[in-house]
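Input: a single structure, listed below in structure tokens.
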Amino acid sequence: MGFLKYEPPGYAERQERWPLLLFLHGAGESGDDPQELLSEGATGCPLVELQKGTAVPVLRDSFVVVAPQTNVGWDAERISAFTDAIASDESQFRIDPSRMYCTGVSMGGYGAWQAGTLGGKFAAIAPVCGAGGVSAASLGSTPVWAFHGANDVVVPVHATDGMVQRLRALRFGGNANAAEGEGA
């Protein structure tokens, strides 16, 4: 699987393990040329923001960002195998396996939900406009910060709203308002 990688300033000099932000692209960036992940239409993609110099400082200075590319979609098995490879002791990535985070947009948001089912492999997930496809219970205690635009014409916002409601009910004993305004 091809990918793009961003290394923060000081990465080469400091021989330590770094937090990982795994970014999973949407269907529009599917293919076999990872450079397409930097397309004009990939606005908001962490690597695009890093390339343009508009990324938030904590991302720019503190994270290794990796964006793999697929042409067959995202599932938990594919995500797990990829992160196992880049976080292994034999890898040259120097990833801290306790500080891996996953986000993605649309199809990649679906992949981020899938990543959350991997039994704590990810410290947190942040799906963006991702259709569900997983049960709230399968996420265990993985922290979630979900985003979805109300005007999304591809993936209806109710896909995320419903998952957040189910997570709140599961995690807060049916009191969906207990975490109002917070990630589930």
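Residues in the structure tokens are numbered from 1 in each chain, the chains being A, B, ... in the order shown, and ligands are numbered from 1 in the order shown.
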
- prompt: Which polymer residues have any atom within 9 Å of an atom of A:Gly133, counting only C-alpha atoms, with same-chain residues fewer than 2 positions away left out, as a PyMOL selection string?
  reply: chain A and resi 110+113-114+131+135

- prompt: When DSSP works through the backbone of this structure, what residues of stretch 19-177 of chain A end up as alpha helix (DSSP H), shown as a count of residues only?
  reply: 48

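Take atom CA of A:Ser91 and atom CA of A:Val56: the distance between them is 26.9 Å.
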
field: All strand (DSSP E) residues (DSSP, backbone) inside chain A, as a PyMOL selection string
entry: chain A and resi 3-6+18-24+64-68+95-105+124-128

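Among A:Pro46, A:Pro143, A:Gly73, A:Pro9, the residue with the shortest atom-to-atom distance to A:Val164, counting only C-alpha atoms, is A:Pro143.
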
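Taking only C-alpha atoms into account, A:Phe3 lies nearest to A:Pro68 out of the set A:Leu38, A:Asp33, A:Pro19, A:Pro68.
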